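*Asks:* Dumping the structure here so I can ask a few things about it.
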Amino acid sequence: MVTCFDGYQMARHGRAGPALGIAAIGSFVAGTIAILALQFLAPPLATFALQFGPPEYAALTLLGLLLAVYLSGASVLKGVIVIFIGIALSLVGLDSVAGTPRYNLGLLNLQGGIDIVTIIMGLFGIGEILYNLESSGEIKILTTKISNIYPTLKDWAVCKLAVLRGSLIGLFIGLLPGGGAIISSLIAYAVEKRVSRDPERFGKGAIEGVAAPESANNSAATASFIPLLSLGIPGNPAMALIFAALLIHGVQPSPSLINDHPDIFWGVIASMYVGNLMLLVLNLPLIGLWVQLIRIPYAILAPIICTICLLGVYSFQSDLFDVWMMLVFGVIGYLMRKLGFESGPLILAFVLGPIFELSLRQSLRLSQGSAWVFLSRPISAVLVIALILVVLGYFVIIFRKKFSRRVG
Amino acid sequence: MEKWEKISGYFLLAYSTGLVYQSLHLSIGSPGQPGPGFLGFFLGLGLFLLSGSLIIMNWKWRHIEGKPQRFFFEHRRAWFKPLFALILLISFATFMEILGTIGALFLFFFLWIRVLGKKGWVLTALVGGTGTTCFYFLFSKLLGISLPKGLFLG
């Protein structure tokens, strides 16, 4: 999205090629930096995370969920509601401690819980299609000839620091719980505009305005793997999907993943290096072809996406119940989108819900019901303080806004 | 739009009440021995308060003078396409086992492209036939998934 601020303007001025080129090259550089960070940071972080007990996990998951809402930029009230619903949905099925069936409305199919695949396909697949169908006509696309995709020497000179700054910003934001590609690209764009000697060019086709956010989002997307693979905690909705995919394949992300499944950890890193290289090898010469894909009429694209969702969900357990569940979540996703509720935090809460519940109950059992357990241990105390600061920070912003409005 | 937001607030209120009721039924236990309904109970309570806040905020918004107008549907017939698509999806799920995957899929593609996409008969038949064949081949033959053959072929 942020890339479009200047990327669209560059395309209008006949510079779509260099915009796409610098986006691909910047992404490659940023991705490589973030993979190096993943390679060297994740193992020591995982060793450190072995000290984590239930109170630390409870505090960390809660902090991640709160930050996800806070950083998403949408309504905080609606975001918190979505998180509560996500956790509530994750409780459906057998209780992990007592083995009691719960919240399944008496349906046998729900005894094993709601499948995350049905929720994801419903909210992001069907819900999104239903929402997009509302627009009256076909989406108009700017058609421009893409000739030379390689940036000029002048472009390189302007962009080299922007790419580096974007990469580092993305790396830092990606490490934070709740941080992700969108927030990092927004911050990278804002920083670039601030450090620029000529900020008026931004929004009118400045190539740094493309290079920095594109580098930041790729770096953040890769860095998000660090908490997932070292702590077993997905930091954002996209990582929640990867978490679910690993679970489907029988791999539980946790601090011991690097030791228990070194093939997976180092395989992921190797695949990232290869993937990052393929990004350049495929994207640069085939940009013209990828551009043609967005010209497929939505009337043809939409039923194809729906069919992938329908047959994909059915094939998971060969059960039509899953298809019905997906349709229910499709309608919920559509209504959520219409009413301004974000779907991403729901997925994150659904994935983190069981971790949070189990660690909360274990912590309370350990301390015989005393909440002091969260403050008596240094790591969890730091996390709880961070949690309180996030909540206080939110209220301070609200009061400052109200105060300045009254004064104004 | 405000009406729909109010409805969503009341729906969440009802959902949270149900969650609290179910949690009490399951037993919430004690702080030292939390039961299966422990977290659900507190989530339900929290959700009750949050949905109450949503209703109050909606009420306050409705009484602001000169507020910008917001509509649930941006234009008059905007509801038609999502509703028709949903009917098609429900029909697919209903008739998949009766007509079989091939029949249900072809009808699904055909009606979507013809009615929603307003494309010509030739293109509709072409995409419907190609799409059905490709997806059936991909899921049934390549991925080895047992798809319903229907009452006529099965």
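Ligands are numbered from 1 in the order shown, residues from 1 within each chain, and chains are lettered A, B, ... in the order they appear in the structure tokens.
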Tell me which protein, DNA and RNA residues are within 7 Å of Leu352 of chain A, counting only C-alpha atoms, leaving out same-chain ones fewer than 4 positions away, and put them as an NGL selection string.

*Replies:* :A and (61 or 348 or 356)

*Asks:* Taking the chain letters and numbering used in this document, name the residues of segment 24-64 of chain B that DSSP puts in alpha helix (DSSP H), as a list of chain:residue names.

*Replies:*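 Taking segment 24-64 of chain B and keeping alpha helix (DSSP H) only, one gets B:Leu24, B:His25, B:Leu26, B:Phe38, B:Leu39, B:Gly40, B:Phe41, B:Phe42, B:Leu43, B:Gly44, B:Leu45, B:Gly46, B:Leu47, B:Phe48, B:Leu49, B:Leu50, B:Ser51, B:Gly52, B:Ser53, B:Leu54, B:Ile55, B:Ile56, B:Met57, B:Asn58, B:Trp59, B:Lys60, B:Trp61, B:Arg62.
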
*Asks:* Figure out the distance between atom CA of Ile90 of chain B and atom CA of Trp324 of chain A, please, to one decimal in Å.

*Replies:*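 The value is 8.0 Å.
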
*Asks:* For Phe321 of chain A, list every protein, DNA or RNA residue within 12 Å, evaluated using only C-alpha atoms, and leave out those in the same chain fewer than 4 positions away; present the list as a list in words.

*Replies:* Leu107, Leu108, Asn109, Leu110, Ile114, Asp115, Thr118, Leu310, Val313, Tyr314, Ser315, Phe316, Gln317, Met325, Met326, Leu327 and Val328 of chain A; Ala93 and Thr94 of chain B

*Asks:* Could you jot down the atom CA of Phe95 of chain B to atom CA of Pro148 of chain B separation for me, Å, one decimal place?

*Replies:*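 Between atom CA of Phe95 of chain B and atom CA of Pro148 of chain B the gap works out to 10.1 Å.
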
*Asks:* Segment 104-119 of chain B: which residues within 7 Å, counting only C-alpha atoms, same-chain residues fewer than 3 positions away excluded, as a PyMOL selection string?

*Replies:* (chain A and resi 299-300+303) or (chain B and resi 81+88+92+95-96+99-101+123-125+128-129+132)

*Asks:* Which residues, written as a PyMOL selection string, have at least one atom at most 8 Å from segment 42-56 of chain B, with only C-alpha atoms counted and residues fewer than 3 positions away on the same chain left out?

*Replies:* (chain A and resi 77+81+84-85+88) or (chain B and resi 5-6+9-10+12-13+15-20+38-39+59-60)

*Asks:* The selected residues should be written to file as a PDB file, in the first residue's frame (atoms: N, CA and C atoms).

*Replies:*
ATOM      1  N   LEU A  77     -11.093  -0.458  20.358  1.00  0.00           N
ATOM      2  CA  LEU A  77     -12.224  -1.148  20.990  1.00  0.00           C
ATOM      3  C   LEU A  77     -12.634  -2.358  20.145  1.00  0.00           C
ATOM      4  N   ILE A  81     -12.304  -6.419  20.979  1.00  0.00           N
ATOM      5  CA  ILE A  81     -13.480  -7.308  20.858  1.00  0.00           C
ATOM      6  C   ILE A  81     -13.120  -8.519  19.985  1.00  0.00           C
ATOM      7  N   PHE A  84     -10.980 -10.969  21.862  1.00  0.00           N
ATOM      8  CA  PHE A  84     -11.778 -11.746  22.825  1.00  0.00           C
ATOM      9  C   PHE A  84     -12.521 -12.863  22.083  1.00  0.00           C
ATOM     10  N   ILE A  85     -13.083 -12.519  20.922  1.00  0.00           N
ATOM     11  CA  ILE A  85     -13.835 -13.526  20.149  1.00  0.00           C
ATOM     12  C   ILE A  85     -12.874 -14.608  19.653  1.00  0.00           C
ATOM     13  N   ALA A  88     -12.092 -16.824  22.469  1.00  0.00           N
ATOM     14  CA  ALA A  88     -13.292 -17.615  22.804  1.00  0.00           C
ATOM     15  C   ALA A  88     -13.488 -18.751  21.794  1.00  0.00           C
TER      16      ALA A  88
ATOM     17  N   GLU B   5     -24.393  -1.355  13.179  1.00  0.00           N
ATOM     18  CA  GLU B   5     -23.428  -1.361  14.285  1.00  0.00           C
ATOM     19  C   GLU B   5     -24.126  -1.643  15.604  1.00  0.00           C
ATOM     20  N   LYS B   6     -25.337  -1.083  15.740  1.00  0.00           N
ATOM     21  CA  LYS B   6     -26.111  -1.315  16.959  1.00  0.00           C
ATOM     22  C   LYS B   6     -26.489  -2.797  17.051  1.00  0.00           C
ATOM     23  N   GLY B   9     -23.587  -4.821  18.112  1.00  0.00           N
ATOM     24  CA  GLY B   9     -23.369  -4.649  19.554  1.00  0.00           C
ATOM     25  C   GLY B   9     -24.287  -5.551  20.360  1.00  0.00           C
ATOM     26  N   TYR B  10     -25.581  -5.588  19.971  1.00  0.00           N
ATOM     27  CA  TYR B  10     -26.540  -6.442  20.696  1.00  0.00           C
ATOM     28  C   TYR B  10     -26.222  -7.925  20.479  1.00  0.00           C
ATOM     29  N   LEU B  12     -23.264  -9.189  20.011  1.00  0.00           N
ATOM     30  CA  LEU B  12     -22.095  -9.496  20.854  1.00  0.00           C
ATOM     31  C   LEU B  12     -22.491  -9.595  22.324  1.00  0.00           C
ATOM     32  N   LEU B  13     -23.459  -8.763  22.705  1.00  0.00           N
ATOM     33  CA  LEU B  13     -23.964  -8.811  24.079  1.00  0.00           C
ATOM     34  C   LEU B  13     -24.594 -10.178  24.362  1.00  0.00           C
ATOM     35  N   TYR B  15     -24.001 -12.942  22.666  1.00  0.00           N
ATOM     36  CA  TYR B  15     -22.943 -13.961  22.579  1.00  0.00           C
ATOM     37  C   TYR B  15     -22.166 -14.051  23.893  1.00  0.00           C
ATOM     38  N   SER B  16     -21.846 -12.870  24.462  1.00  0.00           N
ATOM     39  CA  SER B  16     -21.078 -12.872  25.706  1.00  0.00           C
ATOM     40  C   SER B  16     -21.894 -13.439  26.853  1.00  0.00           C
ATOM     41  N   THR B  17     -23.211 -13.176  26.851  1.00  0.00           N
ATOM     42  CA  THR B  17     -24.069 -13.733  27.896  1.00  0.00           C
ATOM     43  C   THR B  17     -24.069 -15.259  27.790  1.00  0.00           C
ATOM     44  N   GLY B  18     -24.183 -15.746  26.559  1.00  0.00           N
ATOM     45  CA  GLY B  18     -24.153 -17.193  26.330  1.00  0.00           C
ATOM     46  C   GLY B  18     -22.830 -17.794  26.787  1.00  0.00           C
ATOM     47  N   LEU B  19     -21.738 -17.073  26.536  1.00  0.00           N
ATOM     48  CA  LEU B  19     -20.403 -17.548  26.917  1.00  0.00           C
ATOM     49  C   LEU B  19     -20.284 -17.652  28.439  1.00  0.00           C
ATOM     50  N   VAL B  20     -20.785 -16.629  29.130  1.00  0.00           N
ATOM     51  CA  VAL B  20     -20.739 -16.640  30.602  1.00  0.00           C
ATOM     52  C   VAL B  20     -21.591 -17.795  31.133  1.00  0.00           C
ATOM     53  N   PHE B  38     -13.079 -21.384  33.210  1.00  0.00           N
ATOM     54  CA  PHE B  38     -12.423 -20.225  33.853  1.00  0.00           C
ATOM     55  C   PHE B  38     -12.190 -19.062  32.882  1.00  0.00           C
ATOM     56  N   LEU B  39     -11.441 -19.342  31.829  1.00  0.00           N
ATOM     57  CA  LEU B  39     -11.098 -18.259  30.892  1.00  0.00           C
ATOM     58  C   LEU B  39     -12.340 -17.780  30.147  1.00  0.00           C
ATOM     59  N   TRP B  59     -24.500   4.936  20.179  1.00  0.00           N
ATOM     60  CA  TRP B  59     -25.581   5.831  20.579  1.00  0.00           C
ATOM     61  C   TRP B  59     -25.096   7.288  20.572  1.00  0.00           C
ATOM     62  N   LYS B  60     -23.852   7.478  21.106  1.00  0.00           N
ATOM     63  CA  LYS B  60     -23.289   8.845  21.137  1.00  0.00           C
ATOM     64  C   LYS B  60     -23.068   9.378  19.720  1.00  0.00           C
TER      65      LYS B  60
END

*Asks:* Show me a table, sorted first by chain and then by increasing residue number, of the residues of chain A having an atom at most 8 Å from chain B, each with its shortest atom pair and the distance in Å to one decimal, counting only C-alpha atoms and written as CSV.

*Replies:*
residue,atom,partner,partner_atom,distance
A:Leu77,CA,B:Leu50,CA,7.1
A:Ile81,CA,B:Leu47,CA,6.4
A:Phe84,CA,B:Leu43,CA,6.2
A:Ile85,CA,B:Leu47,CA,8.0
A:Ala88,CA,B:Gly40,CA,6.4
A:Leu91,CA,B:Gly40,CA,7.4
A:Asp95,CA,B:Pro36,CA,6.0
A:Val97,CA,B:Pro36,CA,7.7
A:Ala98,CA,B:Pro36,CA,6.9
A:Thr100,CA,B:Pro36,CA,7.2
A:Arg102,CA,B:Leu26,CA,7.3
A:Tyr103,CA,B:Gln22,CA,6.9
A:Leu130,CA,B:Pro82,CA,4.8
A:Tyr131,CA,B:Pro82,CA,7.0
A:Leu133,CA,B:Lys81,CA,5.9
A:Glu134,CA,B:Ala78,CA,5.0
A:Ser135,CA,B:Ala78,CA,7.1
A:Ser136,CA,B:Ala78,CA,7.1
A:Tyr298,CA,B:Gly117,CA,7.9
A:Ala299,CA,B:Gly117,CA,4.5
A:Ile300,CA,B:Ile113,CA,6.4
A:Pro303,CA,B:Phe109,CA,6.3
A:Ile304,CA,B:Gly131,CA,7.6
A:Thr307,CA,B:Leu105,CA,7.9
A:Leu311,CA,B:Phe139,CA,7.6
A:Ser315,CA,B:Ile145,CA,6.1
A:Ser318,CA,B:Ser146,CA,7.3
A:Leu320,CA,B:Ala93,CA,7.1
A:Val323,CA,B:Ala93,CA,6.8
A:Trp324,CA,B:Ala93,CA,7.1
A:Leu327,CA,B:Ile90,CA,7.6
A:Lys338,CA,B:Phe72,CA,7.0
A:Leu339,CA,B:Glu5,CA,6.6
A:Glu357,CA,B:Leu39,CA,6.8
A:Arg361,CA,B:Pro34,CA,6.1
A:Leu364,CA,B:Gly32,CA,5.5
A:Arg365,CA,B:Gly32,CA,5.0
A:Leu366,CA,B:Gly32,CA,8.0
A:Ser367,CA,B:Gly32,CA,7.2
A:Gln368,CA,B:Gly32,CA,4.1
A:Gly369,CA,B:Gly32,CA,3.7
A:Ser370,CA,B:Gly32,CA,7.4

*Asks:* Which residues are near Leu284 of chain A? Cut-off 8 Å, only C-alpha atoms, ignore same chain within fewer than 3 positions. Put them as a PyMOL selection string.

*Replies:* chain A and resi 21+24+149+279-281+287

*Asks:* Can you tell me how far atom CA of Arg197 of chain A sits from atom CA of Ile22 of chain A, in Å to one decimal?

*Replies:*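 Value for the atom CA of Arg197 of chain A-atom CA of Ile22 of chain A distance: 20.3 Å.
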